[in-house]
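Student: Data file run.txt (compact mmCIF, C-alpha atoms) is appended below.
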# COMPACT_ATOMS: atom_id res chain seq x y z
CA MET N 32 82.13 -73.48 -1.44
CA MET N 33 80.52 -70.07 -0.98
CA LYS N 34 78.37 -69.32 -4.02
CA ASN N 35 78.89 -65.56 -4.09
CA ARG N 36 81.13 -64.40 -1.31
CA ILE N 37 82.29 -61.03 -2.59
CA ALA N 38 80.35 -58.40 -4.53
CA ALA N 39 82.23 -55.11 -4.88
CA MET N 40 84.88 -53.06 -3.19
CA ILE N 41 83.73 -50.61 -0.50
CA PRO N 42 85.65 -47.28 -0.58
CA ALA N 43 88.61 -47.47 1.80
CA VAL N 44 88.70 -45.11 4.77
CA LEU N 45 92.47 -45.14 4.88
CA LEU N 46 94.68 -43.30 2.37
CA ALA N 47 96.34 -46.01 0.21
CA MET N 48 99.98 -45.56 -0.81
CA SER N 49 102.60 -47.56 -2.68
CA LEU N 50 105.11 -48.92 -0.17
CA ALA N 51 108.02 -49.88 -2.37
CA ALA N 52 110.45 -49.49 0.49
CA CYS N 53 108.62 -51.81 2.83
CA GLY N 54 108.39 -55.10 0.98
CA SER N 55 105.17 -57.07 1.20
CA ALA N 56 102.33 -55.55 3.16
CA SER N 57 101.54 -56.96 6.57
CA SER N 58 98.84 -56.25 9.08
CA ASN N 59 98.37 -57.14 12.71
CA ALA N 60 94.62 -56.78 12.38
CA PRO N 61 92.79 -59.77 13.85
CA ALA N 62 91.06 -60.54 10.54
CA GLY N 63 91.19 -64.26 11.00
CA ASN N 64 89.68 -64.39 14.46
CA PRO N 65 86.60 -66.61 14.44
CA PRO N 66 83.43 -64.61 15.16
CA ALA N 67 81.36 -65.06 18.26
CA GLU N 68 78.75 -67.79 17.87
CA GLU N 69 76.03 -65.47 19.08
CA GLN N 70 75.65 -61.74 19.33
CA GLN N 71 77.13 -60.27 22.50
CA THR N 72 74.43 -59.12 24.89
CA PRO N 73 74.69 -55.44 25.86
CA SER N 74 76.10 -54.84 29.30
CA ALA N 75 73.58 -55.01 32.11
CA GLU N 76 74.93 -51.68 33.28
CA THR N 77 73.87 -49.97 30.05
CA PRO N 78 70.66 -51.61 28.80
CA ALA N 79 69.33 -50.52 25.42
CA GLU N 80 66.31 -48.81 26.91
CA GLU N 81 68.61 -46.51 28.95
CA ALA N 82 71.08 -45.85 26.15
CA VAL N 83 72.29 -42.33 25.48
CA GLY N 84 69.93 -40.39 23.26
CA GLY N 85 67.08 -42.84 23.82
CA THR N 86 63.90 -42.15 21.87
CA SER N 87 60.39 -43.42 22.34
CA GLU N 88 59.76 -47.01 23.40
CA ALA N 89 58.14 -47.73 20.07
CA ALA N 90 61.21 -46.56 18.18
CA ALA N 91 63.52 -48.62 20.36
CA GLU N 92 61.51 -51.77 19.65
CA ALA N 93 61.35 -51.28 15.87
CA PRO N 94 63.33 -53.93 13.95
CA ALA N 95 66.63 -52.66 12.54
CA GLU N 96 65.63 -53.62 9.02
CA GLU N 97 62.54 -51.41 9.26
CA ALA N 98 64.56 -48.49 10.60
CA VAL N 99 67.11 -48.69 7.80
CA GLY N 100 64.45 -49.27 5.19
CA GLY N 101 62.32 -46.42 6.49
CA THR N 102 65.10 -43.90 6.09
CA LEU N 103 65.96 -45.22 2.64
CA ALA N 104 62.30 -45.20 1.64
CA ALA N 105 62.07 -41.53 2.56
CA ALA N 106 64.99 -40.75 0.31
CA GLU N 107 63.52 -42.84 -2.52
CA ALA N 108 60.16 -41.11 -2.19
CA ALA N 109 61.87 -37.75 -2.54
CA THR N 110 63.72 -38.93 -5.65
CA GLU N 111 60.55 -40.24 -7.32
CA ALA N 112 58.36 -37.19 -6.58
CA PRO N 113 56.76 -35.48 -9.63
CA ALA N 114 58.62 -32.42 -10.83
CA GLU N 115 55.92 -30.01 -9.68
CA GLU N 116 56.01 -31.45 -6.15
CA ALA N 117 59.75 -32.14 -5.97
CA VAL N 118 60.80 -29.04 -4.06
CA GLY N 119 58.28 -29.32 -1.25
CA GLU N 120 58.28 -33.09 -0.90
CA THR N 121 62.07 -33.39 -1.16
CA SER N 122 62.43 -30.88 1.65
CA VAL N 123 59.92 -32.72 3.85
CA ALA N 124 61.48 -36.12 3.13
CA ALA N 125 64.99 -34.82 3.80
CA GLU N 126 63.90 -33.28 7.08
CA ALA N 127 62.19 -36.53 8.09
CA ALA N 128 65.27 -38.61 7.24
CA THR N 129 67.53 -36.21 9.13
CA ALA N 130 65.24 -36.24 12.14
CA ALA N 131 65.16 -40.03 12.14
CA VAL N 132 68.94 -40.23 12.23
CA ALA N 133 69.25 -37.46 14.82
CA ALA N 134 66.69 -39.08 17.09
CA GLU N 135 68.29 -42.50 16.77
CA ASP N 136 69.10 -44.09 20.12
CA VAL N 137 72.01 -46.43 20.73
CA VAL N 138 72.85 -49.73 22.35
CA GLN N 139 76.07 -49.57 24.34
CA TYR N 140 78.47 -52.49 24.67
CA THR N 141 81.05 -52.38 27.43
CA ASN N 142 84.43 -54.00 27.98
CA LYS N 143 86.37 -53.06 31.08
CA GLU N 144 85.85 -49.28 31.34
CA TYR N 145 85.31 -48.74 27.62
CA VAL N 146 82.06 -48.27 25.72
CA LEU N 147 81.13 -48.91 22.08
CA SER N 148 77.88 -47.29 20.93
CA VAL N 149 75.85 -48.96 18.18
CA PRO N 150 72.79 -47.28 16.64
CA THR N 151 69.68 -49.24 17.59
CA ALA N 152 68.66 -49.21 13.91
CA TYR N 153 71.75 -51.31 13.09
CA ASN N 154 71.98 -53.44 16.21
CA ASP N 155 70.02 -56.43 14.87
CA LEU N 156 72.16 -56.40 11.73
CA LEU N 157 75.38 -56.77 13.71
CA ASN N 158 77.21 -59.22 15.91
CA VAL N 159 79.29 -57.37 18.49
CA LYS N 160 81.80 -59.31 20.53
CA ALA N 161 83.34 -57.70 23.60
CA ALA N 162 86.60 -59.63 23.92
CA GLU N 163 87.84 -60.34 27.45
CA ASP N 164 91.59 -60.37 28.20
CA ASN N 165 92.49 -60.62 24.51
CA GLU N 166 96.24 -61.10 24.09
CA ASP N 167 96.26 -58.70 21.12
CA GLY N 168 94.52 -55.99 23.14
CA ILE N 169 91.24 -56.28 21.20
CA LEU N 170 88.27 -54.72 23.01
CA PHE N 171 85.46 -55.06 20.46
CA GLU N 172 84.93 -57.02 17.25
CA VAL N 173 82.02 -56.10 14.97
CA TYR N 174 80.57 -58.33 12.22
CA GLU N 175 77.57 -58.28 9.94
CA GLN N 176 75.24 -61.00 11.23
CA ALA N 177 73.91 -62.03 7.80
CA SER N 178 77.44 -62.71 6.55
CA LEU N 179 78.24 -64.71 9.68
CA ASP N 180 75.14 -66.81 9.12
CA ALA N 181 76.09 -67.45 5.49
CA ALA N 182 79.67 -68.34 6.42
CA LYS N 183 78.49 -70.73 9.12
CA ALA N 184 76.06 -72.43 6.73
CA GLU N 185 78.92 -73.01 4.26
CA GLY N 186 81.45 -74.03 6.92
CA GLU N 187 83.71 -71.04 6.21
CA GLU N 188 83.68 -69.26 9.56
CA GLU N 189 87.47 -69.23 9.83
CA TYR N 190 87.85 -66.74 6.97
CA GLY N 191 86.57 -63.75 8.91
CA LEU N 192 83.61 -63.22 6.60
CA GLY N 193 81.31 -60.43 7.73
CA TRP N 194 84.05 -58.63 9.65
CA LEU N 195 83.56 -54.84 9.64
CA PHE N 196 86.10 -53.64 12.20
CA SER N 197 87.65 -54.16 15.61
CA ILE N 198 88.91 -51.71 18.22
CA GLY N 199 91.92 -52.51 20.35
CA THR N 200 94.64 -50.96 22.48
CA THR N 201 98.41 -50.99 22.35
CA ASN N 202 101.25 -49.39 24.27
CA GLU N 203 103.63 -46.76 22.93
CA GLU N 204 106.53 -49.18 22.40
CA THR N 205 104.43 -51.56 20.31
CA LEU N 206 102.98 -48.64 18.35
CA HIS N 207 106.48 -47.46 17.49
CA GLU N 208 107.27 -50.92 16.13
CA LYS N 209 104.12 -50.79 14.01
CA GLN N 210 104.96 -47.34 12.67
CA CYS N 211 108.21 -48.67 11.19
CA ASP N 212 106.28 -50.83 8.74
CA ASP N 213 103.12 -50.85 6.65
CA MET N 214 100.03 -50.46 8.86
CA SER N 215 97.44 -51.24 6.19
CA GLY N 216 94.16 -52.04 7.92
CA GLU N 217 95.24 -50.37 11.17
CA ASP N 218 94.22 -46.78 11.97
CA VAL N 219 95.42 -45.10 15.15
CA ILE N 220 92.41 -43.15 16.37
CA ALA N 221 93.14 -41.96 19.90
CA ARG N 222 95.22 -42.17 23.06
CA ASN N 223 94.67 -41.56 26.74
CA GLU N 224 96.75 -39.82 29.38
CA ASP N 225 98.62 -42.96 30.46
CA GLY N 226 100.08 -43.58 26.99
CA THR N 227 97.64 -46.24 25.82
CA TYR N 228 96.84 -45.94 22.10
CA PHE N 229 93.61 -47.07 20.44
CA ILE N 230 93.52 -48.65 16.98
CA GLN N 231 90.60 -49.36 14.69
CA TYR N 232 91.39 -52.49 12.67
CA HIS N 233 89.51 -53.04 9.43
CA PRO N 234 89.75 -55.46 6.49
CA THR N 235 91.56 -54.45 3.33
CA ASP N 236 89.24 -56.60 1.22
CA VAL N 237 85.47 -57.13 1.10
CA ARG N 238 83.98 -59.57 3.62
CA ILE N 239 80.28 -59.63 2.70
CA ALA N 240 78.88 -63.16 2.25
CA ARG N 241 75.56 -64.74 1.34
CA GLU N 242 74.52 -68.33 0.65
CA SER N 243 73.06 -67.25 -2.70
CA ASP N 244 73.64 -64.27 -4.97
CA ILE N 245 74.42 -60.98 -3.27
CA THR N 246 71.63 -58.57 -4.16
CA ASP N 247 71.60 -54.79 -4.51
CA GLU N 248 69.70 -54.65 -1.24
CA ASP N 249 72.44 -56.68 0.47
CA MET N 250 75.09 -54.31 -0.83
CA GLU N 251 73.06 -51.28 0.24
CA VAL N 252 72.92 -52.54 3.81
CA TRP N 253 76.60 -53.52 3.72
CA SER N 254 77.53 -50.03 2.48
CA LYS N 255 75.47 -48.40 5.22
CA LEU N 256 77.23 -50.47 7.87
CA ASN N 257 80.63 -49.50 6.46
CA GLU N 258 79.63 -45.85 6.40
CA TRP N 259 78.68 -46.12 10.05
CA ALA N 260 81.99 -47.89 10.81
CA SER N 261 83.85 -44.86 9.43
CA THR N 262 82.13 -42.66 12.05
CA VAL N 263 82.93 -44.94 14.97
CA PRO N 264 86.34 -43.39 15.87
CA GLU N 265 84.86 -39.96 16.64
CA THR N 266 82.00 -41.45 18.65
CA PHE N 267 84.34 -43.82 20.50
CA VAL N 268 86.69 -40.97 21.41
CA ASN N 269 83.83 -38.82 22.72
CA ASP N 270 82.11 -41.64 24.62
CA ASN N 271 85.31 -42.64 26.42
CA GLY N 272 86.88 -39.24 27.05
CA LEU N 273 89.94 -40.01 24.94
CA ILE N 274 92.38 -37.72 23.13
CA LEU N 275 91.91 -37.73 19.36
CA ASP N 276 95.27 -38.73 17.86
CA LYS N 277 95.17 -39.81 14.22
CA LEU N 278 98.51 -40.84 12.72
CA SER N 279 99.25 -41.29 9.03
CA ASN N 280 101.37 -44.16 7.69
CA THR N 281 102.80 -42.89 4.42
CA ASN N 282 106.24 -43.94 3.16
CA LEU N 283 107.65 -40.76 4.68
CA ASP N 284 106.08 -41.57 8.06
CA ILE N 285 107.71 -45.00 7.90
CA TYR N 286 111.18 -43.62 7.11
CA LEU N 287 110.94 -41.04 9.91
CA ALA N 288 109.79 -43.76 12.34
CA ARG N 289 112.73 -45.97 11.38
CA ILE N 290 115.13 -43.09 12.01
CA ALA N 291 113.52 -42.35 15.36
CA TYR N 292 112.97 -45.87 16.71
CA GLN N 293 115.40 -48.13 14.81
CA GLY N 294 118.39 -45.84 14.37
CA PHE N 295 118.21 -45.91 10.57
CA THR N 296 120.98 -43.75 9.04
CA GLY N 297 120.78 -44.65 5.35
CA TYR N 298 119.55 -41.24 4.27
CA THR N 299 120.91 -37.87 3.13
CA LEU N 300 119.78 -34.26 3.43
CA SER N 301 120.59 -31.64 0.85
CA SER N 302 119.83 -28.24 -0.66
CA LEU N 303 121.42 -26.02 -3.28
CA GLU N 304 123.01 -23.93 -0.53
CA HIS N 305 125.28 -26.57 1.04
CA GLY N 306 125.01 -29.70 -1.11
CA VAL N 307 124.46 -33.31 0.02
CA TRP N 308 125.20 -34.43 3.59
CA GLY N 309 124.83 -37.67 5.53
CA PRO N 310 123.68 -37.66 9.16
CA ALA N 311 126.85 -39.13 10.73
CA ALA N 312 126.65 -38.65 14.50
CA VAL N 313 124.03 -35.90 14.54
CA ASP N 314 121.09 -36.77 16.80
CA PRO N 315 117.84 -36.49 14.82
CA ALA N 316 115.59 -36.73 17.89
CA PRO N 317 115.13 -32.97 18.54
CA HIS N 318 113.97 -32.51 14.95
CA LEU N 319 111.78 -35.61 14.73
CA GLU N 320 110.05 -34.57 17.94
CA LYS N 321 108.67 -31.55 16.06
CA PHE N 322 106.80 -33.90 13.72
CA LYS N 323 104.62 -35.02 16.64
CA GLY N 324 100.99 -34.42 15.71
CA VAL N 325 101.78 -33.97 12.00
CA SER N 326 99.99 -36.26 9.54
CA PHE N 327 100.16 -36.47 5.75
CA GLU N 328 97.48 -36.87 3.09
CA ASN N 329 97.28 -36.65 -0.69
CA ALA N 330 97.30 -33.01 -1.84
CA GLY N 331 94.71 -33.63 -4.53
CA ASP N 332 94.65 -30.93 -7.21
CA ILE N 333 97.23 -28.71 -5.53
CA GLU N 334 100.30 -28.09 -7.71
CA ALA N 335 103.86 -28.27 -6.43
CA PRO N 336 105.42 -24.80 -6.09
CA ASP N 337 108.49 -23.64 -8.00
CA GLY N 338 111.78 -22.72 -6.39
CA GLU N 339 114.23 -24.39 -4.03
CA TYR N 340 113.63 -27.09 -1.45
CA VAL N 341 115.33 -29.22 1.19
CA VAL N 342 115.67 -32.80 -0.05
CA PHE N 343 115.45 -35.91 2.13
CA THR N 344 116.74 -38.93 0.16
CA VAL N 345 116.94 -42.67 0.77
CA PRO N 346 119.52 -43.58 -1.91
CA ASP N 347 119.20 -47.37 -1.63
CA GLU N 348 115.46 -47.13 -2.28
CA LYS N 349 115.81 -44.48 -5.03
CA VAL N 350 113.22 -42.26 -3.39
CA ARG N 351 113.40 -38.63 -2.33
CA TYR N 352 111.17 -36.07 -0.59
CA ASP N 353 111.21 -32.35 -1.49
CA PHE N 354 110.27 -29.82 1.21
CA PHE N 355 109.58 -26.45 -0.39
CA PHE N 356 110.84 -23.03 0.73
CA ASP N 357 108.00 -21.28 -1.11
CA PRO N 358 105.84 -19.51 1.54
CA ASP N 359 102.65 -21.07 0.17
CA GLY N 360 104.19 -24.55 -0.08
CA GLN N 361 105.98 -24.98 3.22
CA ASN N 362 103.54 -27.66 4.36
CA LEU N 363 103.71 -29.59 1.09
CA VAL N 364 106.06 -32.47 0.33
CA ARG N 365 106.73 -34.14 -3.00
CA GLU N 366 107.59 -37.84 -3.08
CA VAL N 367 109.64 -38.87 -6.13
CA HIS N 368 110.51 -42.47 -7.07
CA GLU N 369 113.23 -43.01 -9.67
CA PHE N 370 113.48 -46.22 -11.70
CA GLU N 371 116.40 -48.01 -13.36
CA ASP N 372 115.15 -47.14 -16.86
CA GLY N 373 115.26 -43.43 -16.07
CA ASP N 374 111.54 -43.01 -15.57
CA SER N 375 110.17 -41.52 -12.36
CA TYR N 376 106.92 -41.29 -10.46
CA GLU N 377 105.91 -38.47 -8.16
CA VAL N 378 103.02 -37.59 -5.89
CA LEU N 379 102.34 -34.50 -3.78
CA PHE N 380 101.23 -34.64 -0.16
CA LYS N 381 100.13 -31.96 2.26
CA ALA N 382 100.94 -31.98 5.94
CA ASN N 383 98.27 -31.40 8.56
CA VAL N 384 100.25 -29.38 11.09
CA PRO N 385 98.98 -28.52 14.60
CA GLU N 386 98.28 -24.84 15.13
CA GLY N 387 101.35 -22.99 16.38
CA SER N 388 103.80 -25.66 15.16
CA PRO N 389 106.60 -24.96 12.66
CA THR N 390 106.08 -25.82 9.01
CA ILE N 391 107.56 -29.06 7.75
CA ASN N 392 110.02 -27.08 5.62
CA GLU N 393 111.24 -25.27 8.75
CA ILE N 394 111.67 -28.59 10.57
CA MET N 395 113.62 -30.17 7.71
CA ASN N 396 115.79 -27.09 7.08
CA GLU N 397 116.75 -26.85 10.76
CA TRP N 398 117.60 -30.55 10.71
CA TYR N 399 119.67 -30.11 7.56
CA LEU N 400 121.61 -27.13 8.97
CA ASP N 401 122.25 -29.09 12.18
CA VAL N 402 123.81 -31.85 10.07
CA VAL N 403 125.89 -29.35 8.06
CA ASN N 404 127.14 -27.42 11.09
CA ASN N 405 127.42 -30.05 13.81
CA GLY N 406 129.16 -33.19 12.66
CA GLY N 407 127.39 -34.43 9.56
CA GLU N 408 129.23 -36.16 6.73
CA ALA N 409 129.83 -34.06 3.63
CA ILE N 410 129.02 -36.26 0.61
CA ASP N 411 128.84 -33.73 -2.18
CA ALA N 412 129.26 -30.40 -0.43
CA HIS N 413 130.22 -27.13 -2.11
What would the structure in this file look like if it were written as structure tokens?

Tutor:
Amino acid sequence: MMKNRIAAMIPAVLLAMSLAACGSASSNAPAGNPPAEEQQTPSAETPAEEAVGGTSEAAAEAPAEEAVGGTLAAAEAATEAPAEEAVGETSVAAEAATAAVAAEDVVQYTNKEYVLSVPTAYNDLLNVKAAEDNEDGILFEVYEQASLDAAKAEGEEEYGLGWLFSIGTTNEETLHEKQCDDMSGEDVIARNEDGTYFIQYHPTDVRIARESDITDEDMEVWSKLNEWASTVPETFVNDNGLILDKLSNTNLDIYLARIAYQGFTGYTLSSLEHGVWGPAAVDPAPHLEKFKGVSFENAGDIEAPDGEYVVFTVPDEKVRYDFFFDPDGQNLVREVHEFEDGDSYEVLFKANVPEGSPTINEIMNEWYLDVVNNGGEAIDAH
């Protein structure tokens, strides 16, 4: 058995939420795919020495470990400088570290017409597989080489140890199916003009592995690789001329997707003005279409405003969402879970709304009034 497979959790890129309405979490991420036996060779069309942003020949030939260590050493030197020299030396060290990163060249891996850029400083630390004709639409799989080596030595290659992330494609219909359930470990990052969507898959647990104890140095490298992985979507979008299209997957996103793509009608809309109404035969599509481009994230320290709100409720799940009329809170939504013992739990989210789009309160209020005025079912109207 592996002596010390897991060390510590790496901060998740994705916003984590309780999904009480969705049952057990599931993920279509190819976490269990066995890694490539050997590191994929960069495409002959884009050799490392011709990579975008190439630096000097000497820098390109420097081992990745030295490049990473050199940058870290600069930072350490700045930290350890005597107090009387700290200001000057810290500035010089910081400028040197920044310049090293800025001047960093890349190795480009290709699959079909798509490119994945890997910093040369990290290339020897990674195993990049460009999957051909993958039935799950996977284009690239990226692993830490040291973890792969440790897993192979212990005969545990099938567990996906060392996996950092994968990038794949899916069509709009499949994406809609995904959006109706928990997408933990799957981040939509982009789309292109023909309706193909791009997903970055990532593990929801830690996959670092070593044959012996995992050291602080091992974890430092692992953390650096994960930090780089979090920047890959932006680079991938720019390198391939894609349209940035990040979608959230909160409980609310899931309910709205089920209404849009599965015909779910087990919800009500209400306000103090007209009471509680069910959707009946009212078509929600014109209203849901206005949520296109809207994503949700935790509101942090923002407080929920006072006053009235439109309420979207899923009675069977004992959960509701409050959309505020307050002018400063019209892009905030409060999620409230109620329990059998009378206790409740609530969390506030903010909506990232495209410029020029209506607020989420305006969308929900128009939807509600459509239900009230055009064939909805009065449940507790007044």

Student: Give me the residues near Phe196 (chain N) as a PyMOL selection string, where near means some atom within 6 Å (using all atoms listed in the file) and where sequence neighbours in that chain fewer than 3 positions away do not count.

Tutor: chain N and resi 173+232-233

Student: Measure the distance from CA of Glu175 (chain N) to CA of Asp218 (chain N) in Å and round it to one decimal.

Tutor: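 Rounded to one decimal, the two atoms are 20.3 Å apart.
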
Student: Please provide as an NGL selection string all residues within 7 Å of region 342-354 of chain N, with the sequence filter that same-chain residues fewer than 4 positions apart are discarded (counting all atoms listed in the file).

Tutor: :N and (52 or 297-302 or 361 or 363-369 or 392)

Student: Can you write out the residues you just picked, keeping C-alpha atoms, as a tab-separated table (two decimals), in the coordinates of the input?

Tutor:
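The resulting file, again27.tsv, is shown below:
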chain	number	residue	atom	x	y	z
N	52	ALA	CA	110.45	-49.49	0.49
N	297	GLY	CA	120.78	-44.65	5.35
N	298	TYR	CA	119.55	-41.24	4.27
N	299	THR	CA	120.91	-37.87	3.13
N	300	LEU	CA	119.78	-34.26	3.43
N	301	SER	CA	120.59	-31.64	0.85
N	302	SER	CA	119.83	-28.24	-0.66
N	361	GLN	CA	105.98	-24.98	3.22
N	363	LEU	CA	103.71	-29.59	1.09
N	364	VAL	CA	106.06	-32.47	0.33
N	365	ARG	CA	106.73	-34.14	-3.00
N	366	GLU	CA	107.59	-37.84	-3.08
N	367	VAL	CA	109.64	-38.87	-6.13
N	368	HIS	CA	110.51	-42.47	-7.07
N	369	GLU	CA	113.23	-43.01	-9.67
N	392	ASN	CA	110.02	-27.08	5.62

Student: CA of Thr235 (chain N) and CA of Ala182 (chain N), how far apart in Å?

Tutor: 18.5 Å

Student: Compile the contact shell of Gly226 (chain N) as an MDAnalysis selection string: residues with an atom at most 7 Å away, counting only C-alpha atoms, same-chain residues fewer than 2 positions apart removed.

Tutor: chainID N and resid 202:203 222:224 228

Student: Using all atoms listed in the file for the distances, tell me which of N:Val341, N:Ala288, N:Leu319, N:Ala184 is nearest to Asn396 (chain N).

Tutor: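 Once distances to Asn396 (chain N) are computed over all atoms listed in the file, the minimum belongs to N:Val341.
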